[in-house]
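J.: The structure's right below; bear with me while I get my questions together.
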Number of protein chains: 2
Amino acid sequence: MIGKPLLAALGAKPRFDVPILIGQHYWPDWQRYELAARDIFARRFYTSQRFAGPLVVELQHRIENFLGVKHAVAIRNATTGLMITTYTLGLSGKVIVPSWTHISTIQALLWAKCSPTFCDIEPTSQQLSLSSLRSRLEERDVAAILGVHLWGSALPVAELEELANEYSVALYYDAAHAFGCKVGERSIGSFGRAEIFSFHTANVVSTGEGGCITTNDDALAAKFIAMRGDEMAATGVALQSATARMSELQAAVGIMMLDDFEHHRRRNQDLHRHYQACLSGVAGIRILEPCGVTLSNFQSLTVVVDSSQFGLSRDQLLAVLRAENVLASKQFDPPAHLLKGPASGADDGERLKNTNSAALSTLQLPLGADVSSEDIDVICEIIRQAHGCSESIKMNPAHVAV
Amino acid sequence: MIGKPLLAALGAKPRFDVPILIGQHYWPDWQRYELAARDIFARRFYTSQRFAGPLVVELQHRIENFLGVKHAVAIRNATTGLMITTYTLGLSGKVIVPSWTHISTIQALLWAKCSPTFCDIEPTSQQLSLSSLRSRLEERDVAAILGVHLWGSALPVAELEELANEYSVALYYDAAHAFGCKVGERSIGSFGRAEIFSFHTANVVSTGEGGCITTNDDALAAKFIAMRGDEMAATGVALQSATARMSELQAAVGIMMLDDFEHHRRRNQDLHRHYQACLSGVAGIRILEPCGVTLSNFQSLTVVVDSSQFGLSRDQLLAVLRAENVLASKQFDPPAHLLKGPASGADDGERLKNTNSAALSTLQLPLGADVSSEDIDVICEIIRQAHGCSESIKMNPAHVAV
């Protein structure tokens, strides 16, 4: 190669001084936070005492109205929400779940003493595959389907409900990525027996750490509240609840994030479009578009790398980006079925072939509060240059260690 | 009864306008909090992203130094800490634990797929009984002893270690109530394989919701960090971790609470002494003194009511106090072995007779940030008057419904 190198992977100075992380990381401004926090300090009520705090209750009402669902139960995080829901639904034995999900989906099933049984995904959308699900249901002895709405998309909820009815199994959803997404006029949160949201800062609505369970079932909601561990509610309930309270300061942030949702959603959508425009025509790079939804939160920018067209593998591109301080990330690496542990399913190679393929080719790029459209210009330029210099990069392995 | 009634239970106006709750409820003042929170906002790092936040790391170091223990792993709450520890120690099967503990101790064992096997308590101290423990150990097939240091007291750690060695079982502690307590020169937190603290606002050191696991074992500590769910740490670990991160805002509060610990501890001790002075000589009322410790945090005021001497049962006294807006509380009601559920042990009546007796006679009175010594004067006066008017109170059941 002649002239000054373009890329840090080839010896240039990294394009970004400060690392750019994936994740939404939106947060209220200080002025609004101060107002709410001072009020909490004045009232000296910081978390649940013998009952949920007033801001937790307000957040729940706000979520119920926002999503058009009867009950929202604020909890400490989505993993615990999934544990609580699995336990409260009385599930034991096999729960069918995609292996292509954040590991915490699977962990929650294991804590709740269920066996994850993995189904595959569609090759294009990377969402749960109905045909793979059906063949897993045919194996019988299945207790439930745990659907996962990935990255601002929605699963085919009507078809899933039909399948659940046909096989008489429970259906519920990990909706960690799907706050504010709609299917027709209906918001995610009102499907299946219950849906579980994450309010980690990686997601569009955040309380720092946190989450909620939503359901239209009155009896289930009462059990979720008892399972959360409010002491008043715990009187007379069965032994196994969980300590899953949200604090008042977290709830205050959650309320502000709901106020800001549409602003952040539109910003995400604009940045998403910007990525699309900047990467269009780059051979071997495909951005996953939200699917199954009439409205998406656009909270993720997920890319599939076709190495034969792009010239570099996903891992090589990742190394190029990291060298520039763009902390892009593999998705679900490795997927759950390849992890050591009680749910290990290394024999699932053929059945989970789309999952295995996605695991080698999928990449998440930064999109959120800390990313401007100018940053995206630079990130996409890096990707274009990586494509153009793929041969040089492959000859310089020292710079591209992941 | 002649003249104006003295007590709300007899028709008088309640002594307190605002309910007085049990629990410590100490909290930093606004000025210090604002300084820390503004800094977090400026840095835009609110919780773990791909690694623990800087304030979480600082809190951990501060706890390690404070307690003189090699590792402190900050977590989201004590229940999760107990789950993680039980799982990480590789326990399965029976874990011996007192039934006389907060229900979350037992819940954590159940989530971690262990069977709680209940041992009794000493009648005077209400702490775990070594003789009852030994007879349970004799039943064999025991995986571990989970000791519980109750209410600012410490268990006989040397004897427990001997027993654990003799029967080759693991030993660890629920130290939710025991932050800052010492046995000789050594702090609670450094005994057994691990100890688990709660930083709920009920306890002397608070982060709103939160807790930590402490251990002197390097390998265990590394596993606890992976189990907490920091993504960087999770690479390559076994499948079942938990999502148990603490946020930066919580950690900031924890650091301030450590700064304030000795101040709050002394205040607790003064209030404890004040209760002792005000209730001395009231027949049938016994305050539990911290035992097994060279230093106590004095975070609880636990009272045993002898109804034959006092003239009212514990429940009747509780109703009298609640009528006055003193939200005193039964302890562990009902104790775990009497709850419905997989650990149900209703046949344990004889083996757990001290637990059953404690469950009928024990009461927690308010002691913490929201209680002044003047409040304690009034609370103790109510108790003295209840003693004096016991016959009238028993004839007025309408006022004393619990």
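Ordering of the structure tokens sets the chain letters (A, B, ...); residue numbers start at 1 within each chain; ligands are numbered from 1 in the order shown.
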Would you please extract all helix (DSSP H, G or I) residues from segment 192-332 of chain A, as assigned by DSSP on the backbone, and give them as an MDAnalysis selection string?

T.: chainID A and resid 218:228 231:234 248:279 307:310 314:323

J.: Please return as JSON, numbers by chain: the residues of segment 23-182 of chain B that backbone DSSP assigns to strand (DSSP E).

T.: {"B": [71, 72, 73, 74, 75, 93, 94, 95, 96, 97, 98, 114, 115, 116, 117, 118, 119, 142, 143, 144, 145, 146, 147, 148, 170, 171, 172, 173, 174, 182]}

J.: For Arg384 of chain B, which residue out of B:Ser280, B:Gly189, B:Ser300, B:Leu327 is the nearest one, using only C-alpha atoms?

T.: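 Of B:Ser280, B:Gly189, B:Ser300, B:Leu327, the one nearest Arg384 of chain B is B:Ser280, counting only C-alpha atoms.
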
J.: Quick one: residues within 10 Å of Thr215 of chain B, only C-alpha atoms counted, chain neighbours fewer than 2 positions away excluded, as a compact mmCIF listing (two decimals) with N, CA, C and O atoms, in the first residue's frame?

T.:
# COMPACT_ATOMS: atom_id res chain seq x y z
N GLU B 64 -14.03 -3.13 51.22
CA GLU B 64 -12.91 -4.04 51.52
C GLU B 64 -12.04 -3.46 52.63
O GLU B 64 -11.68 -4.17 53.59
N VAL B 69 -11.58 -7.10 54.47
CA VAL B 69 -11.82 -8.34 53.73
C VAL B 69 -11.23 -8.16 52.33
O VAL B 69 -11.15 -7.04 51.83
N LYS B 70 -10.78 -9.25 51.71
CA LYS B 70 -10.07 -9.12 50.45
C LYS B 70 -10.97 -8.66 49.30
O LYS B 70 -10.53 -7.88 48.46
N HIS B 71 -12.18 -9.18 49.25
CA HIS B 71 -13.04 -8.86 48.10
C HIS B 71 -14.46 -8.48 48.54
O HIS B 71 -15.06 -9.20 49.34
N ALA B 72 -14.93 -7.39 47.99
CA ALA B 72 -16.35 -7.04 48.12
C ALA B 72 -16.90 -6.90 46.70
O ALA B 72 -16.31 -6.19 45.88
N VAL B 73 -17.99 -7.58 46.42
CA VAL B 73 -18.63 -7.52 45.10
C VAL B 73 -20.00 -6.88 45.29
O VAL B 73 -20.89 -7.48 45.90
N TYR B 172 -21.53 -20.41 55.05
CA TYR B 172 -21.58 -19.01 54.62
C TYR B 172 -22.68 -18.30 55.38
O TYR B 172 -23.46 -18.93 56.10
N GLY B 189 -18.15 -10.26 57.71
CA GLY B 189 -17.84 -10.07 56.29
C GLY B 189 -16.64 -10.91 55.90
O GLY B 189 -16.41 -11.16 54.73
N SER B 190 -15.89 -11.34 56.92
CA SER B 190 -14.67 -12.10 56.63
C SER B 190 -14.76 -13.53 57.14
O SER B 190 -13.76 -14.24 57.18
N PHE B 191 -15.96 -13.96 57.52
CA PHE B 191 -16.12 -15.32 58.04
C PHE B 191 -16.74 -16.25 56.99
O PHE B 191 -17.40 -15.79 56.06
N GLY B 192 -16.53 -17.54 57.19
CA GLY B 192 -17.10 -18.53 56.28
C GLY B 192 -16.54 -18.39 54.87
O GLY B 192 -15.54 -17.70 54.64
N ARG B 193 -17.17 -19.06 53.90
CA ARG B 193 -16.73 -18.95 52.51
C ARG B 193 -17.06 -17.57 51.96
O ARG B 193 -16.34 -17.01 51.14
N ALA B 194 -18.20 -17.03 52.39
CA ALA B 194 -18.63 -15.71 51.91
C ALA B 194 -19.69 -15.19 52.87
O ALA B 194 -20.32 -15.98 53.60
N GLU B 195 -19.87 -13.88 52.89
CA GLU B 195 -20.97 -13.28 53.65
C GLU B 195 -21.71 -12.32 52.74
O GLU B 195 -21.12 -11.70 51.85
N ILE B 196 -23.01 -12.18 52.98
CA ILE B 196 -23.83 -11.36 52.09
C ILE B 196 -24.52 -10.26 52.89
O ILE B 196 -25.24 -10.53 53.85
N ILE B 213 -21.46 -8.99 48.32
CA ILE B 213 -20.93 -10.27 48.77
C ILE B 213 -19.47 -10.02 49.13
O ILE B 213 -18.75 -9.39 48.36
N ASP B 217 -11.65 -15.27 49.40
CA ASP B 217 -11.27 -16.29 48.42
C ASP B 217 -11.20 -15.67 47.02
O ASP B 217 -12.23 -15.28 46.46
N ASP B 218 -9.99 -15.57 46.46
CA ASP B 218 -9.81 -14.90 45.16
C ASP B 218 -10.64 -15.55 44.05
O ASP B 218 -11.27 -14.86 43.24
N ALA B 219 -10.63 -16.87 44.01
CA ALA B 219 -11.32 -17.57 42.91
C ALA B 219 -12.83 -17.36 43.02
O ALA B 219 -13.51 -17.12 42.01
N LEU B 220 -13.34 -17.43 44.25
CA LEU B 220 -14.78 -17.20 44.45
C LEU B 220 -15.15 -15.78 44.02
O LEU B 220 -16.16 -15.57 43.34
N ALA B 221 -14.33 -14.81 44.40
CA ALA B 221 -14.64 -13.41 44.07
C ALA B 221 -14.73 -13.22 42.56
O ALA B 221 -15.64 -12.54 42.07
N PHE B 224 -18.00 -14.51 41.48
CA PHE B 224 -19.11 -13.62 41.86
C PHE B 224 -19.23 -12.47 40.87
O PHE B 224 -20.34 -12.08 40.49

J.: Kindly give the distance, in Å, that separates atom CA of Ser206 of chain A and atom CA of Asp370 of chain A, rounded to a single decimal.

T.: 14.7 Å

J.: Applying 12 Å and only C-alpha atoms, which residues near Glu350 of chain A remain after dropping the ones on its own chain fewer than 5 positions away? List them as a PDB file with C-alpha atoms, in the first residue's frame.

T.:
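In the end it all went to part01.pdb:
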ATOM      1  CA  PHE A 118     -33.911 -23.803  21.481  1.00  0.00           C
ATOM      2  CA  CYS A 119     -35.629 -22.941  18.238  1.00  0.00           C
ATOM      3  CA  ASP A 120     -34.000 -21.352  15.226  1.00  0.00           C
ATOM      4  CA  SER A 132     -38.613 -24.275  13.703  1.00  0.00           C
ATOM      5  CA  GLY A 345     -27.010 -27.998  23.062  1.00  0.00           C
ATOM      6  CA  THR A 355     -28.604 -19.042  14.516  1.00  0.00           C
ATOM      7  CA  ASN A 356     -25.106 -20.378  14.007  1.00  0.00           C
ATOM      8  CA  SER A 357     -24.771 -18.420  10.815  1.00  0.00           C
TER       9      SER A 357
END

J.: Using only C-alpha atoms, pick whichever of B:Arg273, B:His337, B:His387, B:Arg228 has the shortest atom-to-atom distance to Gln107 of chain B.

T.: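 Nearest to Gln107 of chain B: B:His337.
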
J.: For Ile103 of chain B, which residue out of A:Met395, A:Leu363, A:Ile383, A:Ala242 is the nearest one, using only C-alpha atoms?

T.: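 For Ile103 of chain B, the nearest of the given residues is A:Ala242.
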
J.: With only C-alpha atoms as the basis for distance, which of A:Pro156, A:Cys380, A:Tyr275, A:Val169 is at the shortest distance from Glu324 of chain A?

T.: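 Of all the options, A:Cys380 lies closest to Glu324 of chain A.
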
J.: Do you know which residues are at most 9 Å from His177 of chain A counting only C-alpha atoms, after dropping those on the same chain fewer than 5 positions away, and could you put them as a ChimeraX atom specification?

T.: /A:148-153,197-198,202-204,297,299-300

J.: Let's have the selection written as an mmCIF file, in the first residue's frame, with N, CA, C and O atoms.

T.:
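Contents of again.cif, as written:
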data_model
loop_
_atom_site.group_PDB
_atom_site.id
_atom_site.type_symbol
_atom_site.label_atom_id
_atom_site.label_comp_id
_atom_site.auth_asym_id
_atom_site.auth_seq_id
_atom_site.Cartn_x
_atom_site.Cartn_y
_atom_site.Cartn_z
ATOM 1 N N VAL A 148 -39.054 -13.782 21.823
ATOM 2 C CA VAL A 148 -38.163 -12.644 22.070
ATOM 3 C C VAL A 148 -38.298 -11.665 20.900
ATOM 4 O O VAL A 148 -37.959 -12.000 19.764
ATOM 5 N N HIS A 149 -38.820 -10.482 21.198
ATOM 6 C CA HIS A 149 -38.859 -9.432 20.167
ATOM 7 C C HIS A 149 -37.482 -8.770 20.142
ATOM 8 O O HIS A 149 -37.122 -8.052 21.075
ATOM 9 N N LEU A 150 -36.751 -8.987 19.047
ATOM 10 C CA LEU A 150 -35.375 -8.463 19.016
ATOM 11 C C LEU A 150 -35.287 -7.089 18.368
ATOM 12 O O LEU A 150 -35.872 -6.851 17.315
ATOM 13 N N TRP A 151 -34.525 -6.191 18.955
ATOM 14 C CA TRP A 151 -34.026 -4.956 18.300
ATOM 15 C C TRP A 151 -35.105 -4.068 17.705
ATOM 16 O O TRP A 151 -34.952 -3.589 16.573
ATOM 17 N N GLY A 152 -36.186 -3.851 18.421
ATOM 18 C CA GLY A 152 -37.199 -2.951 17.893
ATOM 19 C C GLY A 152 -38.106 -3.560 16.854
ATOM 20 O O GLY A 152 -38.893 -2.867 16.231
ATOM 21 N N SER A 153 -37.994 -4.865 16.672
ATOM 22 C CA SER A 153 -38.943 -5.592 15.815
ATOM 23 C C SER A 153 -39.962 -6.301 16.704
ATOM 24 O O SER A 153 -39.823 -6.336 17.923
ATOM 25 N N PHE A 197 -40.173 -6.105 30.008
ATOM 26 C CA PHE A 197 -39.323 -5.050 29.437
ATOM 27 C C PHE A 197 -38.080 -4.849 30.297
ATOM 28 O O PHE A 197 -38.117 -5.022 31.515
ATOM 29 N N SER A 198 -37.008 -4.412 29.649
ATOM 30 C CA SER A 198 -35.794 -4.022 30.358
ATOM 31 C C SER A 198 -35.637 -2.515 30.316
ATOM 32 O O SER A 198 -35.792 -1.906 29.254
ATOM 33 N N ALA A 202 -29.081 0.454 28.143
ATOM 34 C CA ALA A 202 -28.931 0.046 26.744
ATOM 35 C C ALA A 202 -30.218 0.262 25.960
ATOM 36 O O ALA A 202 -30.172 0.344 24.732
ATOM 37 N N ASN A 203 -31.360 0.345 26.650
ATOM 38 C CA ASN A 203 -32.654 0.403 25.970
ATOM 39 C C ASN A 203 -33.234 1.815 25.940
ATOM 40 O O ASN A 203 -32.803 2.693 26.684
ATOM 41 N N VAL A 204 -34.254 1.987 25.076
ATOM 42 C CA VAL A 204 -34.756 3.337 24.780
ATOM 43 C C VAL A 204 -35.391 3.986 26.005
ATOM 44 O O VAL A 204 -35.289 5.199 26.189
ATOM 45 N N ASN A 297 -39.072 1.373 17.811
ATOM 46 C CA ASN A 297 -38.268 2.324 18.596
ATOM 47 C C ASN A 297 -36.885 2.540 17.967
ATOM 48 O O ASN A 297 -36.153 3.402 18.422
ATOM 49 N N GLN A 299 -34.134 1.160 18.284
ATOM 50 C CA GLN A 299 -33.112 1.352 19.306
ATOM 51 C C GLN A 299 -31.782 0.670 19.002
ATOM 52 O O GLN A 299 -30.823 0.889 19.730
ATOM 53 N N SER A 300 -31.742 -0.137 17.945
ATOM 54 C CA SER A 300 -30.490 -0.836 17.629
ATOM 55 C C SER A 300 -30.137 -0.670 16.162
ATOM 56 O O SER A 300 -31.014 -0.472 15.315
#

J.: Residues at most 9 Å from Gly147 of chain A, counting only C-alpha atoms, excluding those fewer than 3 positions away in the same chain, as a PyMOL selection string?

T.: chain A and resi 96-98+128+155+160+171-175

J.: In Å to one decimal, how far is atom CA of Leu271 of chain A from atom CA of Val371 of chain A?

T.: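 According to the coordinates, atom CA of Val371 of chain A and atom CA of Leu271 of chain A are separated by 8.6 Å.
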
J.: Neighbouring residues of Arg267 of chain B were defined as those with any atom within 9 Å, considering only C-alpha atoms; residues of the same chain fewer than 4 positions away were excluded. Please report them as JSON, numbers by chain.

T.: {"B": [262, 263, 271, 272, 298, 368, 369]}

J.: Take the selection from the previous step and output its residues with all heavy atoms, as a PDB file, in the first residue's frame.

T.:
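Writing the result to out_12.pdb gives the following:
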ATOM      1  N   GLU B 262     -20.093   5.492  61.332  1.00  0.00           N
ATOM      2  CA  GLU B 262     -19.844   5.555  62.770  1.00  0.00           C
ATOM      3  C   GLU B 262     -20.801   6.537  63.453  1.00  0.00           C
ATOM      4  O   GLU B 262     -21.283   6.283  64.559  1.00  0.00           O
ATOM      5  CB  GLU B 262     -18.378   5.895  63.056  1.00  0.00           C
ATOM      6  CG  GLU B 262     -17.992   5.880  64.529  1.00  0.00           C
ATOM      7  CD  GLU B 262     -18.323   4.578  65.281  1.00  0.00           C
ATOM      8  OE1 GLU B 262     -18.474   3.511  64.640  1.00  0.00           O
ATOM      9  OE2 GLU B 262     -18.455   4.639  66.522  1.00  0.00           O
ATOM     10  N   HIS B 263     -21.102   7.619  62.755  1.00  0.00           N
ATOM     11  CA  HIS B 263     -22.077   8.577  63.285  1.00  0.00           C
ATOM     12  C   HIS B 263     -23.442   7.909  63.492  1.00  0.00           C
ATOM     13  O   HIS B 263     -24.080   8.041  64.546  1.00  0.00           O
ATOM     14  CB  HIS B 263     -22.178   9.753  62.305  1.00  0.00           C
ATOM     15  CG  HIS B 263     -23.205  10.766  62.682  1.00  0.00           C
ATOM     16  ND1 HIS B 263     -23.116  11.517  63.848  1.00  0.00           N
ATOM     17  CD2 HIS B 263     -24.358  11.141  62.082  1.00  0.00           C
ATOM     18  CE1 HIS B 263     -24.165  12.321  63.925  1.00  0.00           C
ATOM     19  NE2 HIS B 263     -24.935  12.109  62.873  1.00  0.00           N
ATOM     20  N   LEU B 271     -29.907   5.579  70.973  1.00  0.00           N
ATOM     21  CA  LEU B 271     -31.364   5.354  70.970  1.00  0.00           C
ATOM     22  C   LEU B 271     -31.702   4.004  71.611  1.00  0.00           C
ATOM     23  O   LEU B 271     -32.708   3.868  72.314  1.00  0.00           O
ATOM     24  CB  LEU B 271     -31.913   5.418  69.535  1.00  0.00           C
ATOM     25  CG  LEU B 271     -31.798   6.776  68.822  1.00  0.00           C
ATOM     26  CD1 LEU B 271     -32.349   6.685  67.396  1.00  0.00           C
ATOM     27  CD2 LEU B 271     -32.531   7.879  69.593  1.00  0.00           C
ATOM     28  N   HIS B 272     -30.846   3.030  71.357  1.00  0.00           N
ATOM     29  CA  HIS B 272     -31.019   1.712  71.949  1.00  0.00           C
ATOM     30  C   HIS B 272     -31.000   1.824  73.479  1.00  0.00           C
ATOM     31  O   HIS B 272     -31.868   1.300  74.185  1.00  0.00           O
ATOM     32  CB  HIS B 272     -29.883   0.806  71.463  1.00  0.00           C
ATOM     33  CG  HIS B 272     -30.247  -0.636  71.348  1.00  0.00           C
ATOM     34  ND1 HIS B 272     -30.214  -1.500  72.424  1.00  0.00           N
ATOM     35  CD2 HIS B 272     -30.650  -1.373  70.289  1.00  0.00           C
ATOM     36  CE1 HIS B 272     -30.565  -2.706  72.014  1.00  0.00           C
ATOM     37  NE2 HIS B 272     -30.843  -2.661  70.720  1.00  0.00           N
ATOM     38  N   PHE B 298     -26.246  -1.799  66.241  1.00  0.00           N
ATOM     39  CA  PHE B 298     -27.480  -1.456  66.975  1.00  0.00           C
ATOM     40  C   PHE B 298     -28.598  -1.028  66.022  1.00  0.00           C
ATOM     41  O   PHE B 298     -29.326  -0.095  66.310  1.00  0.00           O
ATOM     42  CB  PHE B 298     -27.206  -0.346  67.997  1.00  0.00           C
ATOM     43  CG  PHE B 298     -26.418  -0.803  69.190  1.00  0.00           C
ATOM     44  CD1 PHE B 298     -25.032  -0.640  69.229  1.00  0.00           C
ATOM     45  CD2 PHE B 298     -27.044  -1.409  70.275  1.00  0.00           C
ATOM     46  CE1 PHE B 298     -24.294  -1.067  70.332  1.00  0.00           C
ATOM     47  CE2 PHE B 298     -26.307  -1.835  71.382  1.00  0.00           C
ATOM     48  CZ  PHE B 298     -24.938  -1.665  71.416  1.00  0.00           C
ATOM     49  N   GLY B 368     -34.181   4.535  64.064  1.00  0.00           N
ATOM     50  CA  GLY B 368     -33.496   4.927  62.837  1.00  0.00           C
ATOM     51  C   GLY B 368     -33.563   6.417  62.624  1.00  0.00           C
ATOM     52  O   GLY B 368     -33.857   7.181  63.548  1.00  0.00           O
ATOM     53  N   ALA B 369     -33.306   6.794  61.376  1.00  0.00           N
ATOM     54  CA  ALA B 369     -33.197   8.214  61.030  1.00  0.00           C
ATOM     55  C   ALA B 369     -34.442   9.013  61.392  1.00  0.00           C
ATOM     56  O   ALA B 369     -34.358  10.188  61.742  1.00  0.00           O
ATOM     57  CB  ALA B 369     -32.914   8.349  59.535  1.00  0.00           C
TER      58      ALA B 369
END

J.: Counting only C-alpha atoms, which residue out of B:Leu338, B:Cys212, B:Ala164, B:Ala222 sits closest to chain A?

T.: B:Leu338

J.: Measure the distance from atom CA of Ile393 of chain B to atom CA of Leu365 of chain B in Å and round it to one decimal.

T.: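 Here the two named atoms are 20.0 Å from each other.
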